[in-house]
Amino acid sequence: MFDDCIDPTPVVRSFLLQLLLRASVDSVKDHLQRYFDQAKRFLEDPDQFMELCVMYIQCLEDSYYSDGIVYQDQHQLRMIMEDLNRALEMFGGGTTMVDHLEAIALSRYGLMAVGTAMYKCYIENDASLSASAVRGLCDAAWKLCDNSQCKWPRIFLIRQICRRHGIDSLQTLATIPYLAEWLLPPEARADGNDVEPDRFIVSGRNYVQVRETLTKVVLGEDTRKLDQVISANNDPNHIKEVNMLLAMYREITMSNVHPEPARHVNDQTKERILQLYQQNPAFAAKQFAQMMLSNQLGMSCSQLTVTPNQDRGRQRLAAVIVQALIILSCTPDNALLHPLLTLGKNPQVMANAYFPTMPQDELSEIREAVLQARTTHGNAVFWECPNGHPYIIGECGRPYSTAKCFDCDADIGGLGHQASAGNIEARTNDTTRHGHILGLANGRRQEGAVPIRQLTPPSAAIIRMLTHISMFLGANHNAQGVSELIQPDVLPVNVPNFLWDHICADMRVLEKATGKSPDDCAVLLHLVLDSMAKAVPRGQVTVDGGLTSKQSRQAWEKEFARVYTTPLLSGLEDQLNAANNDIAGDERLGNNPLMRLVYETDIQEEKSLYSTPHIKDAPNLWQYRTRITMESLSQELGEKIAAHQEKGPQKCKLLQAFLEKKHHLQALRHLPAILKLQHLLIQRYQHSVDRSEAITIKIKDFLSQLPEGPVHNEYASLIDSYADAWNCVRQQLPSYRFEVGGDWVTLQEEFCSQPVDGDTSILSLLPGSRGQSVCSVALVDFLVYNTQNEFLNTYRGITKQNRQAGQKVNIHDISSAHLISFHPERDLLPMVMANCNYSLEVGKKTVIEYDFATLEKQVEERLLKGKPTLIGQAKMVVFREDYTNAMVFEKLKRKIAQKSISHAVQHQIEDELKNLADVGDSLAALDLTIGFLVSVGGQPEMLVSDFMKTSLSLEVGLLSAKAQQNCQLRHVQSLWLLLSHTQAKMLAKCGQDPFSNAVTEYREELDPDSIQALQEGFQHMNVEIFACELFECIMLQISAKKNKTDEDSVDTSSYRLQDVLAGYIDNKDGTPITNLADPGVFPGTVLVKHVLDVWKRAIRFLQAQRHY
């Protein structure tokens, strides 16, 4: 790499460094030291040598990070603690340049993790982190900062906290007594400024000049000087007014944040400034200015009122909203700003508009794309496969042949104009709704950064936030008008808080989309707003600013992003660095030492620091750098594709498709855990819980009832996996169609609006056929068919493979090896870092280069190649109200037709079973047999005893020889009723309750008159047949517990028993019981609620007659 040949622009690349580091630092230290010795001779300029050191440290950091993220949190914390201790030892005992640079890299890596752990533990209260482990980590950081004989580790730590989580997070941490002892360096502790930095400074030099002159006016100078400054600049009038209003808010309105009245601007000064404002012909927002000076911007929206000691996070967000309010109040209308201006000024006009970034029904777009792809013309009727993918049937439009779905390999078409199962004719209506349709913001707590239509995740987050801000501003003066734009309905009085919560959620999404701190995201928003006030769209803008159609909305979103967001996002790092340097250097802050430390405005390198012993004191080696993330990779790839799309065929299609679907694909790693959780819950609740009962059990209560130990930990881990997967995909589930019990359904939107957490009902986790229990089924189906299978088809299409080829695996047989399974941090980021190189060209700064082609190949090789298509569906829990003996035997009859045992054989079997234990054992074996037969079926003529031995390997089966010899699988129901009746009679004879599980509605005893009438009636009936038929009716129809909240539930307890029993016998085509329908024999006062008492009296009557 260091040849002697002359190169006017030599480039040092990190490739060799990274190869050496992959072999481990200890084994290649000598090589690395020679590398630096040669580089020092090669790079004559000391600044360039320092850049090489920075590049080496970055490579080392990436190596540590890639190795560390494979560990779970607690193990990772221990490893980092060891790294910090090792760095301290190396600072004291290192002798070579490599030793010192390694110590710096270890310190940077460890302190970066310390900052994140502090934030999660003390700000977010993350329960997954052990407080004692975080305290140990902080102790190691404290020791390093105090004993390394270098001030920069502590400064680097506070930079990490501020740049990644916001300055307010640092200030909150500094209030914790233990951290306050050591966290802030002495030079930063003098900061008494309780006001957010002035981010309006991104508006430019003219704003700063107006603000500084306004400050002098506040201090007593003549207002004419301010008038002269405003008149002297060449900005358009609306920009002059924007700058003046921003300065007034910053210097006058924001003074109300101080609790001391002496620091507020007095009324006389406000009056002088208002008079100047109203007399200036360039200014139009006279009333607005007056409201701002009197701190009355918050009419309906109290969040806009500045209060003493206001939270800095609220100050930060309010400043963004106020700048938007000022710009929308002063900027001339144009097609790109029209929707936002209208929402803020006349919201009721937007009643029929399609709001930016709102979800939409994609059916019409898919239909149009499919039609355009057709090579033939004529009639075309759209159909949908079982998974909702569209296809066309030509000619008559009815199915006449079968095929496979192009997207998911499901059966499509049909024969003889009869569609295959699950295929339906596509609806023609468009279900896209007008207005705001996101629901409550608390349903967005776990929302990820995803692209929306043609918008990248950062652009989508910015535009959605601007939409909510505009609605918020509209609600400030017309809450009723904005309320009418929101679905589901929100009361006008609740609209401001509703929208404020959405704005906060938008900020969180923007942080995820950009990988930036709240402070940096606020700067980005100020830059966008400034661009909205100043940028003039190139060429003629022809978009429909009224957003009267989905197409006009999409065109507006695309053009707005092109003009206002994409230029800023393309060079985001440089834009933010420049803006933050301006903010930190703002003299209005009184040379705030903390800001200057955080944003590195005072770095002055001394050449004497470049030698080995002093290299740790070089400030450049402790500068903050943005960590490589999947979001930054996606943005870089998008920019590359956009830059080359006109130069030829698009490259990296597979990588682009993968990154676009990553948010859903990453949930696939949880599929085995979800299936295991379903299995465990089915075992726990099968037949033993009603829906009405399950919906009252919260997840946190369920877990609290489990004993501490492995079982509790396993359930908690599995539920965490379910929650993570659910929160990744739930926003797509309302429009997803899936099969449940032979029907094709969609999930109710209300079920998808909330994340899964401790307050979620356990019913959401139980896979069932209706109600909230369908959520669990939908999640599995979506991950299997709409995520794994669909993306595999996309992959095979891009790589031109046969879509029908490949292995098929049932979901109940899968492991992680069968899935497109990856953790975004532990699996993808190491791959990204392995394909990220740094290059240093002499005379320039270090730049990052991604090897997209190799990364795409590795994604294919490691995650996609050889993955099977999944088949099968989630197993269902059977709730108690659904599990009746009648249902079980109905399912059995579908597998094996049933036939009654002859009365003679029944009596012989009953005679052989002399004790209760034998009956119970026989019945238990038969119950197990029925459970298997319902699932797998069998040969009707096969003996039950043979099935028990050969298929179930039961040691104890039927304890009646006659039953073993005569009862076949077609006699199972009859045998079960016989054994159950025999057991009931024995229990009754022993004085025990044979119907202990029956509901109380059927336990009422007869009155004396009815008892006498019944006893007389028994004299004229075949009571033995009556008792058998009544017992069968009890077991298969009457006694099953019903869910009273069910629409189909009917209370039969007050029906006449003779009618119910006669109807039951008639329905099964049985022989009527003589005289049962005769009111002179069987009393009409005997009702269904007396049924158990009637059966017991019938048995006692037979025993008295010595039949039993």
# chains A, B, ... in the order shown; residues from 1 in each chain; ligands from 1
>>> select_by_dssp(residues="segment 540-761 of chain A", states="alpha helix (DSSP H)", output="VMD selection string")
chain A and resid 550 to 560 566 to 570 572 to 584 593 to 598 630 to 644 653 to 665 671 to 685 691 to 694 699 to 704 710 to 729 749 to 752
>>> residues_around(residues="Ile412 of chain A", least_positions_apart="2", cutoff="9 Å", atoms="only C-alpha atoms", output="PyMOL selection string")
chain A and resi 383-386+391+399+401-405+409-410+414+419-423
>>> residues_around(residues="segment 940-942 of chain A", least_positions_apart="6", cutoff="10 Å", atoms="only C-alpha atoms", output="ChimeraX atom specification")
/A:895-899,966-972
>>> write_last_selection(atoms="N, CA, C and O atoms", output="compact mmCIF listing (two decimals), in the first residue's frame")
# COMPACT_ATOMS: atom_id res chain seq x y z
N LYS A 895 -65.00 -37.70 10.80
CA LYS A 895 -63.89 -38.61 10.53
C LYS A 895 -64.36 -40.06 10.41
O LYS A 895 -63.93 -40.81 9.53
N ILE A 896 -65.25 -40.45 11.36
CA ILE A 896 -65.72 -41.85 11.42
C ILE A 896 -67.22 -41.84 11.72
O ILE A 896 -67.65 -41.32 12.75
N ALA A 897 -68.01 -42.39 10.82
CA ALA A 897 -69.46 -42.50 11.06
C ALA A 897 -69.71 -43.35 12.30
O ALA A 897 -69.07 -44.39 12.49
N GLN A 898 -70.66 -42.91 13.14
CA GLN A 898 -70.89 -43.58 14.42
C GLN A 898 -72.17 -44.42 14.40
O GLN A 898 -73.12 -44.13 13.68
N LYS A 899 -72.14 -45.46 15.23
CA LYS A 899 -73.25 -46.41 15.31
C LYS A 899 -73.42 -46.82 16.77
O LYS A 899 -72.45 -46.91 17.51
N ASN A 966 -65.95 -56.42 21.21
CA ASN A 966 -67.03 -56.00 20.34
C ASN A 966 -67.01 -54.54 19.89
O ASN A 966 -67.56 -54.21 18.84
N CYS A 967 -66.41 -53.66 20.69
CA CYS A 967 -66.51 -52.22 20.39
C CYS A 967 -65.48 -51.80 19.35
O CYS A 967 -64.26 -51.96 19.56
N GLN A 968 -65.99 -51.29 18.26
CA GLN A 968 -65.16 -50.80 17.18
C GLN A 968 -65.12 -49.27 17.21
O GLN A 968 -65.83 -48.62 17.99
N LEU A 969 -64.29 -48.67 16.34
CA LEU A 969 -64.17 -47.21 16.33
C LEU A 969 -65.49 -46.53 15.99
O LEU A 969 -65.74 -45.41 16.40
N ARG A 970 -66.38 -47.21 15.27
CA ARG A 970 -67.68 -46.63 14.95
C ARG A 970 -68.63 -46.66 16.15
O ARG A 970 -69.73 -46.11 16.09
N HIS A 971 -68.20 -47.32 17.26
CA HIS A 971 -69.01 -47.39 18.47
C HIS A 971 -68.51 -46.45 19.56
O HIS A 971 -69.02 -46.52 20.69
N VAL A 972 -67.54 -45.61 19.26
CA VAL A 972 -66.87 -44.83 20.30
C VAL A 972 -67.84 -43.93 21.06
O VAL A 972 -67.82 -43.87 22.29
>>> residues_around(residues="Ala667 of chain A", least_positions_apart="3", cutoff="7 Å", atoms="only C-alpha atoms", output="list in words")
His664, His670, Ala725 and Cys728 of chain A
>>> write_last_selection(atoms="all heavy atoms", output="mmCIF file, in the first residue's frame")
data_model
loop_
_atom_site.group_PDB
_atom_site.id
_atom_site.type_symbol
_atom_site.label_atom_id
_atom_site.label_comp_id
_atom_site.auth_asym_id
_atom_site.auth_seq_id
_atom_site.Cartn_x
_atom_site.Cartn_y
_atom_site.Cartn_z
ATOM 1 N N HIS A 664 -40.564 -5.635 8.515
ATOM 2 C CA HIS A 664 -41.413 -6.803 8.719
ATOM 3 C C HIS A 664 -40.587 -8.078 8.801
ATOM 4 O O HIS A 664 -40.877 -8.951 9.625
ATOM 5 C CB HIS A 664 -42.433 -6.931 7.581
ATOM 6 C CG HIS A 664 -43.446 -5.835 7.583
ATOM 7 N ND1 HIS A 664 -44.218 -5.527 6.474
ATOM 8 C CD2 HIS A 664 -43.827 -4.958 8.538
ATOM 9 C CE1 HIS A 664 -45.016 -4.518 6.759
ATOM 10 N NE2 HIS A 664 -44.792 -4.149 8.010
ATOM 11 N N HIS A 670 -38.961 -14.146 15.464
ATOM 12 C CA HIS A 670 -39.789 -14.464 16.626
ATOM 13 C C HIS A 670 -40.814 -15.555 16.342
ATOM 14 O O HIS A 670 -41.512 -15.988 17.275
ATOM 15 C CB HIS A 670 -40.547 -13.211 17.083
ATOM 16 C CG HIS A 670 -39.670 -12.096 17.546
ATOM 17 N ND1 HIS A 670 -38.730 -12.241 18.544
ATOM 18 C CD2 HIS A 670 -39.577 -10.798 17.142
ATOM 19 C CE1 HIS A 670 -38.115 -11.089 18.743
ATOM 20 N NE2 HIS A 670 -38.601 -10.208 17.904
ATOM 21 N N ALA A 725 -42.835 -8.770 17.666
ATOM 22 C CA ALA A 725 -43.334 -9.087 16.324
ATOM 23 C C ALA A 725 -44.643 -8.359 16.036
ATOM 24 O O ALA A 725 -44.841 -7.799 14.955
ATOM 25 C CB ALA A 725 -43.520 -10.601 16.177
ATOM 26 N N CYS A 728 -44.159 -4.771 15.251
ATOM 27 C CA CYS A 728 -43.525 -4.557 13.941
ATOM 28 C C CYS A 728 -44.537 -4.533 12.809
ATOM 29 O O CYS A 728 -44.371 -3.790 11.839
ATOM 30 C CB CYS A 728 -42.485 -5.657 13.674
ATOM 31 S SG CYS A 728 -40.899 -5.434 14.495
#
>>> residues_around(residues="Arg224 of chain A", least_positions_apart="3", cutoff="12 Å", atoms="only C-alpha atoms", output="PyMOL selection string")
chain A and resi 213-214+216-217+220-221+227-231+272-273+275-277+279-280
>>> closest_atom_pairs(of="segment 392-484 of chain A", to="segment 488-511 of chain A", cutoff="12 Å", atoms="only C-alpha atoms", output="tab-separated table")
residue	atom	partner	partner_atom	distance
A:Arg433	CA	A:Pro488	CA	11.1
A:His434	CA	A:Pro488	CA	11.6
A:Gly435	CA	A:Pro488	CA	10.2
A:His436	CA	A:Pro488	CA	8.6
A:Ile437	CA	A:Pro488	CA	6.9
A:Leu438	CA	A:Pro488	CA	8.5
A:Gly439	CA	A:Pro488	CA	6.2
A:Leu440	CA	A:Phe498	CA	6.9
A:Ala441	CA	A:His502	CA	5.1
A:Asn442	CA	A:Asp501	CA	7.7
A:Gly443	CA	A:Ala505	CA	9.6
A:Arg444	CA	A:Ala505	CA	6.7
A:Arg445	CA	A:Ala505	CA	6.9
A:Gln446	CA	A:Val509	CA	9.0
A:Glu447	CA	A:Val509	CA	6.8
A:Gly448	CA	A:Val509	CA	6.3
A:Ala449	CA	A:Val509	CA	5.6
A:Val450	CA	A:Val509	CA	8.9
A:Pro451	CA	A:Val509	CA	11.4
A:Thr456	CA	A:Leu510	CA	11.2
A:Pro457	CA	A:Leu510	CA	8.0
A:Pro458	CA	A:Leu510	CA	6.0
A:Ser459	CA	A:Leu510	CA	8.7
A:Ala460	CA	A:Leu510	CA	8.7
A:Ala461	CA	A:Leu510	CA	5.4
A:Ile462	CA	A:Leu510	CA	6.9
A:Ile463	CA	A:Asp506	CA	9.5
A:Arg464	CA	A:Asp506	CA	7.1
A:Met465	CA	A:Asp506	CA	5.5
A:Leu466	CA	A:Ile503	CA	8.5
A:Thr467	CA	A:Ile503	CA	9.2
A:His468	CA	A:Ile503	CA	6.1
A:Ile469	CA	A:Ile503	CA	6.8
A:Ser470	CA	A:Leu499	CA	9.7
A:Met471	CA	A:Leu499	CA	7.4
A:Phe472	CA	A:Leu499	CA	5.9
A:Leu473	CA	A:Pro496	CA	8.8
A:Gly474	CA	A:Pro496	CA	9.5
A:Ala475	CA	A:Pro496	CA	6.3
A:Asn476	CA	A:Pro496	CA	7.2
A:His477	CA	A:Pro496	CA	10.4
A:Asn478	CA	A:Pro492	CA	8.6
A:Ala479	CA	A:Pro492	CA	5.1
A:Gln480	CA	A:Pro492	CA	5.0
A:Gly481	CA	A:Pro492	CA	8.2
A:Val482	CA	A:Val495	CA	7.5
A:Ser483	CA	A:Pro492	CA	5.3
A:Glu484	CA	A:Asp489	CA	7.5
>>> residues_around(residues="Glu693 of chain A", least_positions_apart="4", cutoff="9 Å", atoms="only C-alpha atoms", output="list in words")
Val689, Ile697 and Leu763 of chain A
>>> closest_residue(among="A:Gly709, A:Gly872, A:Pro197, A:Pro359", to="Glu251 of chain A", atoms="only C-alpha atoms")
A:Pro197
>>> residues_around(residues="Leu341 of chain A", least_positions_apart="5", cutoff="9 Å", atoms="only C-alpha atoms", output="list of chain:residue names")
A:Leu328, A:Ser329, A:Thr331, A:Asp333, A:Asn346, A:Pro347, A:Ser470
>>> write_last_selection(atoms="N, CA, C and O atoms", output="short mmCIF file (atom, residue, chain, number, x, y, z; two decimals), in the first residue's frame")
data_model
loop_
_atom_site.label_atom_id
_atom_site.label_comp_id
_atom_site.auth_asym_id
_atom_site.auth_seq_id
_atom_site.Cartn_x
_atom_site.Cartn_y
_atom_site.Cartn_z
N LEU A 328 -46.35 29.78 8.48
CA LEU A 328 -47.66 29.61 7.85
C LEU A 328 -48.49 30.89 7.93
O LEU A 328 -49.40 31.10 7.11
N SER A 329 -48.17 31.74 8.90
CA SER A 329 -48.89 33.01 9.02
C SER A 329 -48.38 34.07 8.05
O SER A 329 -49.13 34.97 7.65
N THR A 331 -46.00 33.38 5.16
CA THR A 331 -45.54 32.97 3.83
C THR A 331 -46.68 33.00 2.83
O THR A 331 -47.78 32.51 3.14
N ASP A 333 -49.16 31.97 -0.11
CA ASP A 333 -49.68 30.65 -0.46
C ASP A 333 -49.06 30.17 -1.77
O ASP A 333 -48.79 30.95 -2.68
N ASN A 346 -57.81 27.42 7.82
CA ASN A 346 -59.23 27.11 7.57
C ASN A 346 -59.40 25.59 7.49
O ASN A 346 -59.65 25.04 6.42
N PRO A 347 -59.26 24.89 8.61
CA PRO A 347 -59.24 23.42 8.55
C PRO A 347 -60.50 22.80 7.97
O PRO A 347 -60.43 21.76 7.32
N SER A 470 -49.66 21.46 11.57
CA SER A 470 -50.64 22.34 10.92
C SER A 470 -52.03 22.15 11.52
O SER A 470 -52.76 23.11 11.77
#
>>> atom_distance(atom1="atom CA of Asp544 of chain A", atom2="atom CA of Thr342 of chain A")
13.1 Å
>>> decode(residues="segment 459-478 of chain A", atoms="N, CA, C and O atoms", output="PDB file, in the first residue's frame")
ATOM      1  N   SER A 459     -38.364  11.353   5.235  1.00  0.00           N
ATOM      2  CA  SER A 459     -39.296  12.292   4.607  1.00  0.00           C
ATOM      3  C   SER A 459     -40.723  12.041   5.076  1.00  0.00           C
ATOM      4  O   SER A 459     -41.485  12.988   5.336  1.00  0.00           O
ATOM      5  N   ALA A 460     -41.099  10.774   5.181  1.00  0.00           N
ATOM      6  CA  ALA A 460     -42.449  10.446   5.639  1.00  0.00           C
ATOM      7  C   ALA A 460     -42.676  10.963   7.054  1.00  0.00           C
ATOM      8  O   ALA A 460     -43.735  11.524   7.371  1.00  0.00           O
ATOM      9  N   ALA A 461     -41.671  10.786   7.924  1.00  0.00           N
ATOM     10  CA  ALA A 461     -41.813  11.244   9.313  1.00  0.00           C
ATOM     11  C   ALA A 461     -41.933  12.766   9.372  1.00  0.00           C
ATOM     12  O   ALA A 461     -42.742  13.308  10.144  1.00  0.00           O
ATOM     13  N   ILE A 462     -41.139  13.474   8.565  1.00  0.00           N
ATOM     14  CA  ILE A 462     -41.175  14.943   8.572  1.00  0.00           C
ATOM     15  C   ILE A 462     -42.526  15.449   8.069  1.00  0.00           C
ATOM     16  O   ILE A 462     -43.152  16.325   8.675  1.00  0.00           O
ATOM     17  N   ILE A 463     -42.995  14.898   6.950  1.00  0.00           N
ATOM     18  CA  ILE A 463     -44.256  15.380   6.367  1.00  0.00           C
ATOM     19  C   ILE A 463     -45.427  15.061   7.280  1.00  0.00           C
ATOM     20  O   ILE A 463     -46.341  15.881   7.445  1.00  0.00           O
ATOM     21  N   ARG A 464     -45.420  13.883   7.902  1.00  0.00           N
ATOM     22  CA  ARG A 464     -46.499  13.562   8.843  1.00  0.00           C
ATOM     23  C   ARG A 464     -46.471  14.522  10.028  1.00  0.00           C
ATOM     24  O   ARG A 464     -47.520  14.971  10.506  1.00  0.00           O
ATOM     25  N   MET A 465     -45.283  14.853  10.508  1.00  0.00           N
ATOM     26  CA  MET A 465     -45.187  15.776  11.640  1.00  0.00           C
ATOM     27  C   MET A 465     -45.668  17.173  11.251  1.00  0.00           C
ATOM     28  O   MET A 465     -46.378  17.835  12.017  1.00  0.00           O
ATOM     29  N   LEU A 466     -45.312  17.625  10.058  1.00  0.00           N
ATOM     30  CA  LEU A 466     -45.781  18.939   9.606  1.00  0.00           C
ATOM     31  C   LEU A 466     -47.304  18.956   9.460  1.00  0.00           C
ATOM     32  O   LEU A 466     -47.952  19.970   9.738  1.00  0.00           O
ATOM     33  N   THR A 467     -47.870  17.838   9.035  1.00  0.00           N
ATOM     34  CA  THR A 467     -49.328  17.744   8.937  1.00  0.00           C
ATOM     35  C   THR A 467     -49.969  17.881  10.311  1.00  0.00           C
ATOM     36  O   THR A 467     -50.942  18.621  10.497  1.00  0.00           O
ATOM     37  N   HIS A 468     -49.419  17.165  11.295  1.00  0.00           N
ATOM     38  CA  HIS A 468     -49.963  17.251  12.648  1.00  0.00           C
ATOM     39  C   HIS A 468     -49.758  18.648  13.243  1.00  0.00           C
ATOM     40  O   HIS A 468     -50.637  19.156  13.966  1.00  0.00           O
ATOM     41  N   ILE A 469     -48.618  19.265  12.963  1.00  0.00           N
ATOM     42  CA  ILE A 469     -48.381  20.623  13.465  1.00  0.00           C
ATOM     43  C   ILE A 469     -49.394  21.588  12.863  1.00  0.00           C
ATOM     44  O   ILE A 469     -49.950  22.455  13.563  1.00  0.00           O
ATOM     45  N   SER A 470     -49.657  21.462  11.569  1.00  0.00           N
ATOM     46  CA  SER A 470     -50.640  22.345  10.920  1.00  0.00           C
ATOM     47  C   SER A 470     -52.029  22.146  11.524  1.00  0.00           C
ATOM     48  O   SER A 470     -52.761  23.114  11.766  1.00  0.00           O
ATOM     49  N   MET A 471     -52.409  20.891  11.781  1.00  0.00           N
ATOM     50  CA  MET A 471     -53.698  20.631  12.416  1.00  0.00           C
ATOM     51  C   MET A 471     -53.719  21.207  13.834  1.00  0.00           C
ATOM     52  O   MET A 471     -54.735  21.744  14.290  1.00  0.00           O
ATOM     53  N   PHE A 472     -52.602  21.088  14.534  1.00  0.00           N
ATOM     54  CA  PHE A 472     -52.493  21.625  15.891  1.00  0.00           C
ATOM     55  C   PHE A 472     -52.699  23.140  15.889  1.00  0.00           C
ATOM     56  O   PHE A 472     -53.420  23.695  16.731  1.00  0.00           O
ATOM     57  N   LEU A 473     -52.081  23.800  14.903  1.00  0.00           N
ATOM     58  CA  LEU A 473     -52.245  25.249  14.799  1.00  0.00           C
ATOM     59  C   LEU A 473     -53.679  25.610  14.431  1.00  0.00           C
ATOM     60  O   LEU A 473     -54.226  26.612  14.902  1.00  0.00           O
ATOM     61  N   GLY A 474     -54.303  24.793  13.592  1.00  0.00           N
ATOM     62  CA  GLY A 474     -55.712  25.027  13.272  1.00  0.00           C
ATOM     63  C   GLY A 474     -56.595  24.848  14.492  1.00  0.00           C
ATOM     64  O   GLY A 474     -57.545  25.613  14.716  1.00  0.00           O
ATOM     65  N   ALA A 475     -56.267  23.828  15.323  1.00  0.00           N
ATOM     66  CA  ALA A 475     -57.060  23.575  16.530  1.00  0.00           C
ATOM     67  C   ALA A 475     -56.897  24.685  17.558  1.00  0.00           C
ATOM     68  O   ALA A 475     -57.765  24.862  18.421  1.00  0.00           O
ATOM     69  N   ASN A 476     -55.807  25.434  17.455  1.00  0.00           N
ATOM     70  CA  ASN A 476     -55.573  26.507  18.421  1.00  0.00           C
ATOM     71  C   ASN A 476     -56.670  27.575  18.352  1.00  0.00           C
ATOM     72  O   ASN A 476     -57.004  28.198  19.366  1.00  0.00           O
ATOM     73  N   HIS A 477     -57.235  27.768  17.165  1.00  0.00           N
ATOM     74  CA  HIS A 477     -58.301  28.767  17.033  1.00  0.00           C
ATOM     75  C   HIS A 477     -59.622  28.168  16.558  1.00  0.00           C
ATOM     76  O   HIS A 477     -60.658  28.838  16.582  1.00  0.00           O
ATOM     77  N   ASN A 478     -59.593  26.875  16.125  1.00  0.00           N
ATOM     78  CA  ASN A 478     -60.828  26.271  15.605  1.00  0.00           C
ATOM     79  C   ASN A 478     -60.808  24.769  15.897  1.00  0.00           C
ATOM     80  O   ASN A 478     -60.696  23.940  14.996  1.00  0.00           O
TER      81      ASN A 478
END
